[in-house]
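Asks: See data-v7.txt below, with compact mmCIF, C-alpha atoms and all ligand atoms.
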# COMPACT_ATOMS: atom_id res chain seq x y z
CA MET A 1 0.00 0.00 0.00
CA THR A 2 1.30 3.47 -0.88
CA LEU A 3 1.92 5.59 2.18
CA ALA A 4 0.31 9.02 2.49
CA ILE A 5 3.59 10.48 3.79
CA GLU A 6 7.00 8.89 3.88
CA ALA A 7 9.82 10.99 5.28
CA ASP A 8 13.26 9.44 5.34
CA GLY A 9 16.21 11.14 7.03
CA LEU A 10 15.07 14.65 6.19
CA VAL A 11 17.58 17.37 6.92
CA LYS A 12 16.99 21.08 6.49
CA GLU A 13 19.64 23.61 7.35
CA TYR A 14 19.19 27.35 7.47
CA GLY A 15 22.74 28.63 7.85
CA ASP A 16 23.91 27.06 11.08
CA VAL A 17 20.37 26.22 12.24
CA ARG A 18 19.41 22.57 11.72
CA ALA A 19 15.63 22.89 11.50
CA LEU A 20 15.30 19.20 10.50
CA ASP A 21 17.94 16.79 11.69
CA GLY A 22 17.28 13.42 10.07
CA LEU A 23 13.52 13.29 10.50
CA SER A 24 11.87 10.01 9.45
CA PHE A 25 8.33 8.72 9.85
CA GLU A 26 5.43 7.29 7.92
CA VAL A 27 1.76 8.22 7.78
CA GLU A 28 -0.76 5.67 6.53
CA PRO A 29 -3.53 6.66 4.11
CA GLY A 30 -6.67 7.63 6.06
CA GLU A 31 -4.78 8.28 9.29
CA PHE A 32 -5.34 11.27 11.53
CA PHE A 33 -1.74 12.04 12.41
CA GLY A 34 -0.50 14.67 14.83
CA LEU A 35 2.85 16.42 14.79
CA LEU A 36 3.69 17.76 18.23
CA GLY A 37 6.73 19.65 19.34
CA PRO A 38 7.79 22.76 21.20
CA ASN A 39 8.30 26.09 19.40
CA GLY A 40 11.09 25.83 16.86
CA ALA A 41 11.00 22.00 16.75
CA GLY A 42 10.78 22.03 12.94
CA LYS A 43 7.10 21.30 12.36
CA THR A 44 6.45 24.13 9.92
CA THR A 45 9.74 23.44 8.16
CA PHE A 46 8.66 19.82 7.67
CA ILE A 47 5.35 20.97 6.19
CA ASN A 48 7.17 23.47 3.97
CA VAL A 49 9.33 20.65 2.62
CA LEU A 50 6.24 18.53 1.88
CA VAL A 51 4.49 21.32 -0.05
CA GLY A 52 7.61 22.49 -1.88
CA LEU A 53 8.07 25.80 -0.06
CA ALA A 54 11.45 24.68 1.28
CA ARG A 55 14.00 22.38 -0.30
CA ALA A 56 15.47 19.71 1.96
CA THR A 57 19.22 19.80 2.46
CA GLY A 58 19.26 16.00 2.77
CA GLY A 59 17.01 12.93 2.89
CA ARG A 60 13.77 12.56 0.96
CA ALA A 61 10.01 12.75 1.34
CA GLU A 62 7.14 11.30 -0.66
CA VAL A 63 3.43 12.09 -0.66
CA PHE A 64 1.27 9.25 -1.94
CA GLY A 65 4.35 7.79 -3.62
CA HIS A 66 5.43 11.03 -5.31
CA ASP A 67 8.78 12.56 -4.44
CA VAL A 68 8.10 16.09 -3.19
CA GLU A 69 10.96 17.51 -5.28
CA SER A 70 11.32 15.46 -8.47
CA GLU A 71 7.52 14.96 -8.74
CA TYR A 72 6.57 18.25 -7.15
CA ARG A 73 3.37 18.84 -9.15
CA GLU A 74 1.93 15.34 -8.56
CA ALA A 75 2.73 15.48 -4.86
CA ARG A 76 1.45 19.03 -4.41
CA ASN A 77 -1.84 18.28 -6.20
CA ARG A 78 -2.67 15.66 -3.57
CA ILE A 79 -2.21 18.14 -0.69
CA GLY A 80 -4.52 20.77 0.77
CA LEU A 81 -2.70 23.10 3.17
CA ALA A 82 -4.22 25.36 5.80
CA PRO A 83 -1.13 27.24 6.99
CA GLN A 84 -0.49 29.01 10.25
CA GLU A 85 -0.06 32.40 8.57
CA PHE A 86 -2.85 34.29 6.81
CA ASN A 87 -1.20 34.31 3.37
CA VAL A 88 -4.33 35.11 1.35
CA ASP A 89 -4.89 37.34 -1.67
CA ARG A 90 -6.69 40.29 -0.07
CA PHE A 91 -8.01 42.05 -3.20
CA PHE A 92 -10.63 39.60 -4.43
CA PRO A 93 -13.91 38.36 -2.96
CA ILE A 94 -13.16 35.12 -1.16
CA HIS A 95 -15.14 32.93 -3.57
CA GLU A 96 -12.89 34.21 -6.38
CA VAL A 97 -9.77 33.43 -4.36
CA LEU A 98 -11.00 29.84 -4.12
CA GLU A 99 -11.81 29.67 -7.82
CA HIS A 100 -8.31 30.93 -8.68
CA LYS A 101 -6.80 28.33 -6.39
CA ALA A 102 -8.77 25.48 -7.98
CA GLY A 103 -7.90 26.84 -11.45
CA TYR A 104 -4.22 26.88 -10.54
CA HIS A 105 -4.51 23.18 -9.75
CA GLY A 106 -6.01 22.50 -13.18
CA VAL A 107 -9.74 22.51 -12.35
CA PRO A 108 -11.88 23.97 -15.25
CA PRO A 109 -13.77 27.26 -14.43
CA ALA A 110 -17.34 25.91 -14.06
CA GLU A 111 -16.19 23.12 -11.75
CA ALA A 112 -13.93 25.55 -9.88
CA ALA A 113 -16.96 27.78 -9.11
CA GLU A 114 -18.90 24.75 -7.91
CA ARG A 115 -16.04 23.56 -5.72
CA ALA A 116 -15.59 27.06 -4.27
CA ALA A 117 -19.29 27.15 -3.32
CA THR A 118 -19.13 23.70 -1.76
CA ALA A 119 -16.00 24.53 0.24
CA LEU A 120 -17.51 27.78 1.57
CA LYS A 121 -20.69 25.95 2.57
CA THR A 122 -18.69 23.15 4.20
CA VAL A 123 -16.88 25.57 6.51
CA GLY A 124 -20.01 27.66 7.09
CA ILE A 125 -19.10 31.02 5.50
CA TRP A 126 -21.08 30.83 2.26
CA GLU A 127 -22.98 34.02 3.12
CA LYS A 128 -19.62 35.85 3.18
CA ARG A 129 -18.66 34.73 -0.34
CA ASP A 130 -18.51 38.28 -1.79
CA THR A 131 -16.44 39.65 1.10
CA ARG A 132 -12.71 40.20 0.96
CA PHE A 133 -10.49 38.17 3.26
CA ASP A 134 -9.42 41.23 5.28
CA TRP A 135 -13.02 41.95 6.23
CA LEU A 136 -13.63 38.53 7.77
CA SER A 137 -13.46 38.07 11.54
CA GLY A 138 -10.50 36.11 12.95
CA GLY A 139 -12.58 32.93 13.27
CA MET A 140 -13.92 33.27 9.73
CA LYS A 141 -10.36 33.69 8.46
CA ARG A 142 -9.48 30.31 9.99
CA ARG A 143 -12.57 28.79 8.37
CA PHE A 144 -11.58 30.32 5.06
CA LEU A 145 -8.06 28.84 5.19
CA LEU A 146 -9.67 25.45 5.63
CA ALA A 147 -12.02 26.09 2.67
CA ARG A 148 -9.02 27.03 0.54
CA ALA A 149 -7.27 23.80 1.54
CA LEU A 150 -10.39 21.82 0.60
CA VAL A 151 -11.13 23.38 -2.77
CA THR A 152 -8.70 21.09 -4.60
CA ASP A 153 -10.33 18.04 -3.03
CA PRO A 154 -7.08 16.87 -1.39
CA ASP A 155 -6.23 13.35 -0.28
CA LEU A 156 -3.89 14.77 2.37
CA LEU A 157 -5.07 17.74 4.40
CA ILE A 158 -2.28 19.51 6.29
CA LEU A 159 -3.45 21.73 9.12
CA ASP A 160 -0.79 23.89 10.76
CA GLU A 161 -2.26 25.19 14.03
CA PRO A 162 -5.79 25.31 12.57
CA THR A 163 -7.43 26.50 15.77
CA ALA A 164 -4.84 29.05 16.91
CA GLY A 165 -6.61 32.01 18.44
CA VAL A 166 -10.19 30.84 17.88
CA ASP A 167 -12.86 30.63 20.57
CA VAL A 168 -13.95 27.38 22.18
CA GLN A 169 -17.14 27.07 20.13
CA LEU A 170 -15.40 27.49 16.79
CA ARG A 171 -12.62 25.15 17.87
CA ARG A 172 -15.21 22.45 18.50
CA ASP A 173 -16.94 23.20 15.18
CA LEU A 174 -13.64 22.88 13.36
CA TRP A 175 -12.85 19.62 15.19
CA ARG A 176 -16.16 18.16 14.10
CA LEU A 177 -15.59 19.21 10.52
CA ILE A 178 -12.04 17.84 10.39
CA GLU A 179 -13.18 14.59 12.00
CA ARG A 180 -15.87 14.25 9.35
CA LEU A 181 -13.37 14.82 6.54
CA ASN A 182 -11.13 12.17 8.07
CA ALA A 183 -14.05 9.75 8.42
CA GLU A 184 -14.74 10.29 4.71
CA GLY A 185 -11.19 9.14 3.91
CA THR A 186 -9.00 12.26 3.91
CA THR A 187 -5.61 11.74 5.56
CA ILE A 188 -4.93 14.49 8.08
CA LEU A 189 -1.58 15.86 9.27
CA LEU A 190 -2.19 18.23 12.16
CA THR A 191 0.22 20.39 14.12
CA THR A 192 -1.09 21.98 17.25
CA HIS A 193 -0.04 23.51 20.53
CA TYR A 194 -3.28 22.38 22.12
CA ILE A 195 -2.24 18.95 23.29
CA GLU A 196 -5.86 18.22 24.19
CA GLU A 197 -6.68 18.69 20.50
CA ALA A 198 -4.14 16.04 19.49
CA GLU A 199 -5.24 13.73 22.28
CA ARG A 200 -8.83 13.94 21.19
CA LEU A 201 -8.42 13.79 17.43
CA CYS A 202 -5.29 11.90 16.44
CA ASP A 203 -4.86 8.18 15.77
CA ARG A 204 -1.11 8.58 16.26
CA VAL A 205 1.19 11.43 17.09
CA ALA A 206 4.85 12.07 16.38
CA ILE A 207 6.69 14.06 19.00
CA VAL A 208 9.50 16.06 17.43
CA ASP A 209 12.12 18.18 19.10
CA SER A 210 15.13 19.98 17.65
CA GLY A 211 14.27 18.63 14.18
CA ARG A 212 14.35 15.01 15.33
CA LYS A 213 11.66 12.46 16.05
CA VAL A 214 11.44 11.66 19.74
CA GLU A 215 8.55 9.18 19.51
CA VAL A 216 5.62 8.01 17.39
CA ALA A 217 2.71 6.35 19.19
CA THR A 218 -1.01 6.55 19.86
CA PRO A 219 -2.04 9.17 22.44
CA ASP A 220 -3.09 6.32 24.73
CA GLU A 221 0.29 4.56 24.50
CA LEU A 222 2.04 7.80 25.28
CA ARG A 223 -0.15 8.52 28.28
CA SER A 224 0.49 5.07 29.66
CA ARG A 225 4.21 5.93 29.76
CA GLY A 226 3.52 8.73 32.22
CA THR A 227 2.99 8.18 35.92
CA ASP A 228 -0.32 7.83 37.77
CA THR A 229 -1.13 9.67 40.93
CA LEU A 230 -3.12 7.87 43.60
CA VAL A 231 -4.89 10.51 45.70
CA LEU A 232 -6.19 9.22 49.05
CA THR A 233 -8.33 11.26 51.39
CA LEU A 234 -7.64 10.17 54.96
CA GLU A 235 -10.23 10.12 57.74
CA SER A 236 -7.97 12.40 59.80
CA PRO A 237 -4.65 14.22 59.14
CA ALA A 238 -1.69 11.80 59.24
CA VAL A 239 1.26 12.68 61.44
CA GLY A 240 3.73 10.24 59.91
CA LEU A 241 3.56 7.76 57.05
CA PRO A 242 4.45 4.07 56.97
CA ASP A 243 6.96 2.97 54.33
CA LEU A 244 5.14 3.01 50.95
CA SER A 245 8.18 2.48 48.70
CA PHE A 246 6.79 -0.50 46.79
CA ASP A 247 8.08 -1.41 43.35
CA GLY A 248 6.92 1.25 40.87
CA VAL A 249 6.28 3.95 43.47
CA HIS A 250 8.15 7.19 42.74
CA GLU A 251 7.08 9.26 45.71
CA ALA A 252 4.53 9.51 48.50
CA SER A 253 3.66 12.73 50.28
CA VAL A 254 0.99 13.79 52.71
CA ASP A 255 -0.55 17.20 53.24
CA GLY A 256 -3.15 17.24 56.02
CA ARG A 257 -5.77 14.67 55.02
CA GLU A 258 -4.51 14.26 51.44
CA LEU A 259 -1.99 11.54 50.66
CA ARG A 260 -0.55 11.44 47.14
CA VAL A 261 1.32 8.43 45.80
CA VAL A 262 3.00 8.83 42.41
CA ALA A 263 3.56 5.46 40.72
CA ASP A 264 4.07 3.89 37.29
CA SER A 265 0.65 2.28 37.64
CA ALA A 266 -1.83 3.21 40.37
CA GLY A 267 -3.67 -0.10 39.92
CA ALA A 268 -0.52 -2.11 40.62
CA VAL A 269 0.18 -0.46 44.00
CA ALA A 270 -3.25 0.61 45.33
CA ALA A 271 -3.96 -2.60 47.26
CA ASP A 272 -0.50 -2.59 48.94
CA VAL A 273 -0.82 1.10 49.86
CA ILE A 274 -4.26 0.68 51.43
CA ARG A 275 -3.28 -2.47 53.33
CA THR A 276 -0.13 -0.79 54.68
CA LEU A 277 -2.10 2.27 55.80
CA ASP A 278 -4.68 0.03 57.40
CA ASP A 279 -1.96 -1.90 59.29
CA ALA A 280 -0.64 1.46 60.56
CA GLY A 281 -4.13 2.41 61.81
CA ILE A 282 -4.65 5.11 59.13
CA ALA A 283 -8.22 5.00 57.78
CA VAL A 284 -8.94 5.99 54.18
CA ALA A 285 -12.18 7.88 53.42
CA ASP A 286 -11.84 8.21 49.66
CA MET A 287 -9.54 7.31 46.77
CA ASP A 288 -9.05 8.73 43.32
CA VAL A 289 -6.63 7.95 40.47
CA ARG A 290 -5.29 10.60 38.14
CA ARG A 291 -3.60 9.40 34.97
CA ALA A 292 -0.86 11.52 33.38
CA SER A 293 -2.19 13.72 30.60
CA LEU A 294 -0.61 13.62 27.17
CA GLU A 295 0.54 17.15 27.94
CA GLU A 296 2.57 16.00 30.96
CA VAL A 297 4.14 13.14 29.02
CA PHE A 298 4.90 15.52 26.16
CA VAL A 299 6.61 18.02 28.47
CA ASP A 300 8.67 15.22 30.07
CA MET A 301 9.72 13.75 26.73
CA THR A 302 10.76 17.02 25.15
CA ARG A 303 12.61 18.04 28.32
CA LEU A 304 14.50 14.72 28.41
CA ASP A 305 15.42 15.17 24.77
CA GLU A 306 16.68 18.68 25.55
CA GLU A 307 18.90 17.29 28.34
CA ALA A 308 20.28 14.55 26.06
CA THR A 309 21.13 17.14 23.40
CA THR A 310 22.89 19.33 25.90
CA ASP A 311 25.00 16.39 27.12
CA TYR A 312 25.81 15.47 23.54
CA GLU A 313 26.91 19.01 22.74
CA ARG A 314 28.90 19.23 25.95
CA ASN A 315 30.80 16.14 24.82
CA GLY A 316 32.28 17.85 21.83
CA HIS A 317 29.73 17.82 18.99
CA ASP A 318 30.18 21.09 17.10
CA GLY A 319 26.92 21.02 15.09
CA ASP A 320 28.41 22.67 12.00
CA ALA A 321 26.18 23.44 9.03
CA GLU A 322 26.63 24.49 5.48
CA SER A 323 25.27 27.34 3.42
CA VAL A 324 21.59 28.26 3.09
CA GLU A 325 19.77 26.57 0.21
CA ALA A 326 17.95 28.71 -2.31
CA GLU A 327 14.26 28.47 -1.41
CA ARG A 328 11.69 27.67 -4.05
N1 LIG B 401 13.38 30.68 6.60
C1 LIG B 401 14.12 30.44 7.69
N2 LIG B 401 15.35 30.96 7.82
C2 LIG B 401 16.11 30.70 8.90
N3 LIG B 401 15.73 29.91 9.95
C3 LIG B 401 14.50 29.37 9.87
C4 LIG B 401 13.63 29.60 8.75
N4 LIG B 401 12.48 28.91 8.98
C5 LIG B 401 12.63 28.28 10.16
N5 LIG B 401 13.83 28.55 10.70
C6 LIG B 401 14.37 28.02 11.97
O1 LIG B 401 14.20 26.62 11.95
C7 LIG B 401 13.80 26.14 13.24
C8 LIG B 401 12.48 25.40 13.14
O2 LIG B 401 11.45 26.33 12.86
P1 LIG B 401 9.95 25.90 12.55
O3 LIG B 401 9.18 27.13 12.20
O4 LIG B 401 9.95 24.81 11.56
O5 LIG B 401 9.49 25.32 13.96
P2 LIG B 401 8.02 24.95 14.46
O6 LIG B 401 8.15 23.62 15.11
O7 LIG B 401 7.05 25.08 13.35
O8 LIG B 401 7.79 26.08 15.55
P3 LIG B 401 6.42 26.79 16.04
O9 LIG B 401 5.73 25.79 16.90
O10 LIG B 401 6.95 27.95 16.83
O11 LIG B 401 5.66 27.19 14.82
C9 LIG B 401 13.76 27.35 14.13
O12 LIG B 401 14.98 27.45 14.80
C10 LIG B 401 13.59 28.50 13.17
O13 LIG B 401 14.12 29.71 13.69
Would you mind giving the structure from this file in structure tokens?

Replies:
Amino acid sequence: MTLAIEADGLVKEYGDVRALDGLSFEVEPGEFFGLLGPNGAGKTTFINVLVGLARATGGRAEVFGHDVESEYREARNRIGLAPQEFNVDRFFPIHEVLEHKAGYHGVPPAEAAERAATALKTVGIWEKRDTRFDWLSGGMKRRFLLARALVTDPDLLILDEPTAGVDVQLRRDLWRLIERLNAEGTTILLTTHYIEEAERLCDRVAIVDSGRKVEVATPDELRSRGTDTLVLTLESPAVGLPDLSFDGVHEASVDGRELRVVADSAGAVAADVIRTLDDAGIAVADMDVRRASLEEVFVDMTRLDEEATTDYERNGHDGDAESVEAER
């Protein structure tokens, strides 16, 4: 089966900045795939390489089997991109902007007009069709970027921070719409700073940092790598604690009536903790388990990666880079 995205050892250097440092991963057709990483991790650079806005310094990438450089047109025609920046022609009514876009991708005029209408209706701004982009509200601008990405009927929809700066209601509307597109077969590549968004929408996520892949897994798998916190409410404030250092327990602390036990798995230690408390004459009134959020795991993973890089650099790596490539 042809992969939707195949990136293999991608490198992108801007002067002495290595925006991509050997990035490799694969996205299956029909997947909802998230790209997570801190600011400057290389997410937008990766997208720019896929859509031909930046030329990789090394490695290769394919979109539905087409090399993004040597088969630029074929690859690009499969992609709809809703970028982070509002890079829209501001002088034409928005329906015309969409028609031009479809025309540029080889769609004949009558069909282009039809597609423009459909895309505007899909994102819910059809009544604004004769308005210029500048006159749309911030939320409508986000909707419009999505319409523009959809007008070429893409197989791969790339959404770079699609809900940045929109209100909660619109964010949920956009989620529903994107989920529907995915259910209808469109492959989605999403970058977002709202980890909750990735957790809710994505089948798998890649965590990238400093231009490198740290991990690829389902949100659930990633969360299970974080720690659980067992929160016990005691009948009365505890003065001292019995020894709770069972296998898998990272720490135990008490504050008044609240005892918190941080462990790899709350389920694996709960019975031992309660029995030990009971033996020590400490009665438990209530118990709750809090699983690590994807956000916590993400922060841990990117911090660990940061520390590893620093050690590596301390040990003599000079990170040299060559000249800046001419951009397309
Ligand atoms: N055109 C450019 N010229 C020079 N450096 C660049 C250019 N584009 C990106 N960079 C650098 O490459 C690195 C990766 O940037 P990129 O925008 O890809 O990160 P990002 O993960 O998308 O970040 P954010 O989450 O902030 O959007 C950064 O250090 C950035 O400063």

Asks: Could you list, as a VMD selection string, all the residues within 12 Å of ligand LIG 401 (chain B), counting all atoms listed in the file?

Replies: chain A and resid 11 to 21 35 to 49 53 to 56 83 to 85 159 to 162 164 190 to 194 207 to 213 323 to 328

Asks: Counting all atoms listed in the file, which of A:Leu50, A:Val261, A:Ala206, A:Ile188 gets nearest to Asn77 in chain A?

Replies: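 Residue with the minimum atom-to-atom distance to Asn77 in chain A: A:Leu50.
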
Asks: Need to verify the contact set: Leu120 in chain A, 8 Å, all atoms listed in the file, exclusion of same-chain residues closer than 4 positions in sequence. Can you return it as a PDB file with C-alpha atoms, in the coordinates of the input?

Replies:
ATOM      1  CA  HIS A  95     -15.140  32.930  -3.570  1.00  0.00           C
ATOM      2  CA  ALA A 116     -15.590  27.060  -4.270  1.00  0.00           C
ATOM      3  CA  GLY A 124     -20.010  27.660   7.090  1.00  0.00           C
ATOM      4  CA  ILE A 125     -19.100  31.020   5.500  1.00  0.00           C
ATOM      5  CA  TRP A 126     -21.080  30.830   2.260  1.00  0.00           C
ATOM      6  CA  ARG A 129     -18.660  34.730  -0.340  1.00  0.00           C
ATOM      7  CA  PHE A 144     -11.580  30.320   5.060  1.00  0.00           C
ATOM      8  CA  ALA A 147     -12.020  26.090   2.670  1.00  0.00           C
TER       9      ALA A 147
END

Asks: Considering all atoms listed in the file, state which residue in the set A:Leu145, A:Val214, A:Ala119, A:Leu150 is at the smallest distance from Thr163 in chain A.

Replies: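 Looking at the shortest contact to Thr163 in chain A, the residue is A:Leu145.
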
Asks: Please provide as a PDB file with C-alpha atoms, in the frame of the given file all residues within 10 Å of Glu26 in chain A, with the sequence filter that same-chain residues fewer than 5 positions apart are discarded (counting all atoms listed in the file).

Replies:
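File written: result.pdb
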ATOM      1  CA  LEU A   3       1.920   5.590   2.180  1.00  0.00           C
ATOM      2  CA  ALA A   4       0.310   9.020   2.490  1.00  0.00           C
ATOM      3  CA  ILE A   5       3.590  10.480   3.790  1.00  0.00           C
ATOM      4  CA  GLU A   6       7.000   8.890   3.880  1.00  0.00           C
ATOM      5  CA  ALA A   7       9.820  10.990   5.280  1.00  0.00           C
ATOM      6  CA  ASP A   8      13.260   9.440   5.340  1.00  0.00           C
ATOM      7  CA  PHE A  33      -1.740  12.040  12.410  1.00  0.00           C
ATOM      8  CA  ALA A  61      10.010  12.750   1.340  1.00  0.00           C
ATOM      9  CA  GLU A  62       7.140  11.300  -0.660  1.00  0.00           C
ATOM     10  CA  ALA A 206       4.850  12.070  16.380  1.00  0.00           C
ATOM     11  CA  VAL A 216       5.620   8.010  17.390  1.00  0.00           C
TER      12      VAL A 216
END

Asks: I'd like the neighbourhood of range 264-272 of chain A as a PDB file with C-alpha atoms, in the coordinates of the input, where a residue qualifies if any of its atoms comes within 6 Å (using only C-alpha atoms), though same-chain residues fewer than 2 positions away should be ignored.

Replies:
ATOM      1  CA  THR A 227       2.990   8.180  35.920  1.00  0.00           C
ATOM      2  CA  ASP A 228      -0.320   7.830  37.770  1.00  0.00           C
ATOM      3  CA  LEU A 230      -3.120   7.870  43.600  1.00  0.00           C
ATOM      4  CA  GLY A 248       6.920   1.250  40.870  1.00  0.00           C
ATOM      5  CA  ILE A 274      -4.260   0.680  51.430  1.00  0.00           C
ATOM      6  CA  ARG A 275      -3.280  -2.470  53.330  1.00  0.00           C
TER       7      ARG A 275
END

Asks: Please return as JSON, numbers by chain every residue within 12 Å of (-13.5, 14.4, 11.5), taking into account all atoms listed in the file and the file's own coordinates.

Replies: {"A": [30, 31, 32, 157, 172, 173, 174, 175, 176, 177, 178, 179, 180, 181, 182, 183, 184, 185, 186, 187, 188, 190, 200, 201, 202, 203]}

Asks: Could you write those residues out with C-alpha atoms, as a PDB file, keeping the file's coordinate frame?

Replies:
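Writing the result to again_26.pdb gives the following:
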ATOM      1  CA  GLY A  30      -6.670   7.630   6.060  1.00  0.00           C
ATOM      2  CA  GLU A  31      -4.780   8.280   9.290  1.00  0.00           C
ATOM      3  CA  PHE A  32      -5.340  11.270  11.530  1.00  0.00           C
ATOM      4  CA  LEU A 157      -5.070  17.740   4.400  1.00  0.00           C
ATOM      5  CA  ARG A 172     -15.210  22.450  18.500  1.00  0.00           C
ATOM      6  CA  ASP A 173     -16.940  23.200  15.180  1.00  0.00           C
ATOM      7  CA  LEU A 174     -13.640  22.880  13.360  1.00  0.00           C
ATOM      8  CA  TRP A 175     -12.850  19.620  15.190  1.00  0.00           C
ATOM      9  CA  ARG A 176     -16.160  18.160  14.100  1.00  0.00           C
ATOM     10  CA  LEU A 177     -15.590  19.210  10.520  1.00  0.00           C
ATOM     11  CA  ILE A 178     -12.040  17.840  10.390  1.00  0.00           C
ATOM     12  CA  GLU A 179     -13.180  14.590  12.000  1.00  0.00           C
ATOM     13  CA  ARG A 180     -15.870  14.250   9.350  1.00  0.00           C
ATOM     14  CA  LEU A 181     -13.370  14.820   6.540  1.00  0.00           C
ATOM     15  CA  ASN A 182     -11.130  12.170   8.070  1.00  0.00           C
ATOM     16  CA  ALA A 183     -14.050   9.750   8.420  1.00  0.00           C
ATOM     17  CA  GLU A 184     -14.740  10.290   4.710  1.00  0.00           C
ATOM     18  CA  GLY A 185     -11.190   9.140   3.910  1.00  0.00           C
ATOM     19  CA  THR A 186      -9.000  12.260   3.910  1.00  0.00           C
ATOM     20  CA  THR A 187      -5.610  11.740   5.560  1.00  0.00           C
ATOM     21  CA  ILE A 188      -4.930  14.490   8.080  1.00  0.00           C
ATOM     22  CA  LEU A 190      -2.190  18.230  12.160  1.00  0.00           C
ATOM     23  CA  ARG A 200      -8.830  13.940  21.190  1.00  0.00           C
ATOM     24  CA  LEU A 201      -8.420  13.790  17.430  1.00  0.00           C
ATOM     25  CA  CYS A 202      -5.290  11.900  16.440  1.00  0.00           C
ATOM     26  CA  ASP A 203      -4.860   8.180  15.770  1.00  0.00           C
TER      27      ASP A 203
END

Asks: Skipping near chain neighbours, those fewer than 3 positions away, what residues fall within 7 Å of Val284 in chain A using only C-alpha atoms, listed as an MDAnalysis selection string?

Replies: chainID A and resid 232:235

Asks: With C-alpha atoms kept, could you save the residues just selected as a compact mmCIF listing (two decimals), in the coordinates of the input?

Replies:
# COMPACT_ATOMS: atom_id res chain seq x y z
CA LEU A 232 -6.19 9.22 49.05
CA THR A 233 -8.33 11.26 51.39
CA LEU A 234 -7.64 10.17 54.96
CA GLU A 235 -10.23 10.12 57.74

Asks: Between CA of Asp286 in chain A and CA of Val231 in chain A, measure the distance and give it in Å to one decimal.

Replies: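 One can read the CA of Asp286 in chain A to CA of Val231 in chain A distance as 8.3 Å.
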
Asks: Hey, which of A:Val107, A:Val63, A:Leu294, A:Ala280 ends up closest to Arg223 in chain A? Count all atoms listed in the file.

Replies: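 Nearest candidate to Arg223 in chain A out of A:Val107, A:Val63, A:Leu294, A:Ala280: A:Leu294.
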
Asks: Give me, please, the distance in Å between CA of Val151 in chain A and CA of Phe91 in chain A, quoted to one decimal.

Replies: 18.9 Å

Asks: Kindly indicate which residue among A:Arg290, A:Arg257, A:Arg76, A:Lys121 lies nearest to Ser224 in chain A, using all atoms listed in the file for the distances.

Replies: A:Arg290

Asks: When distances are computed from all atoms listed in the file, which of A:Ser70, A:Ser245, A:His250, A:Arg78 shows the smallest separation from Leu156 in chain A?

Replies: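 Of A:Ser70, A:Ser245, A:His250, A:Arg78, the one nearest Leu156 in chain A, counting all atoms listed in the file, is A:Arg78.
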
Asks: Near Val88 in chain A, within 10 Å and counting all atoms listed in the file, which residues show up once chain neighbours fewer than 2 positions away are dropped, as a ChimeraX atom specification?

Replies: /A:85-86,90-92,94,97,132-134,141,144-145,148

Asks: For Asn87 in chain A, which of A:Arg142, A:Ala217, A:Thr57, A:Ala110 is the closest residue, counting only C-alpha atoms?

Replies: A:Arg142
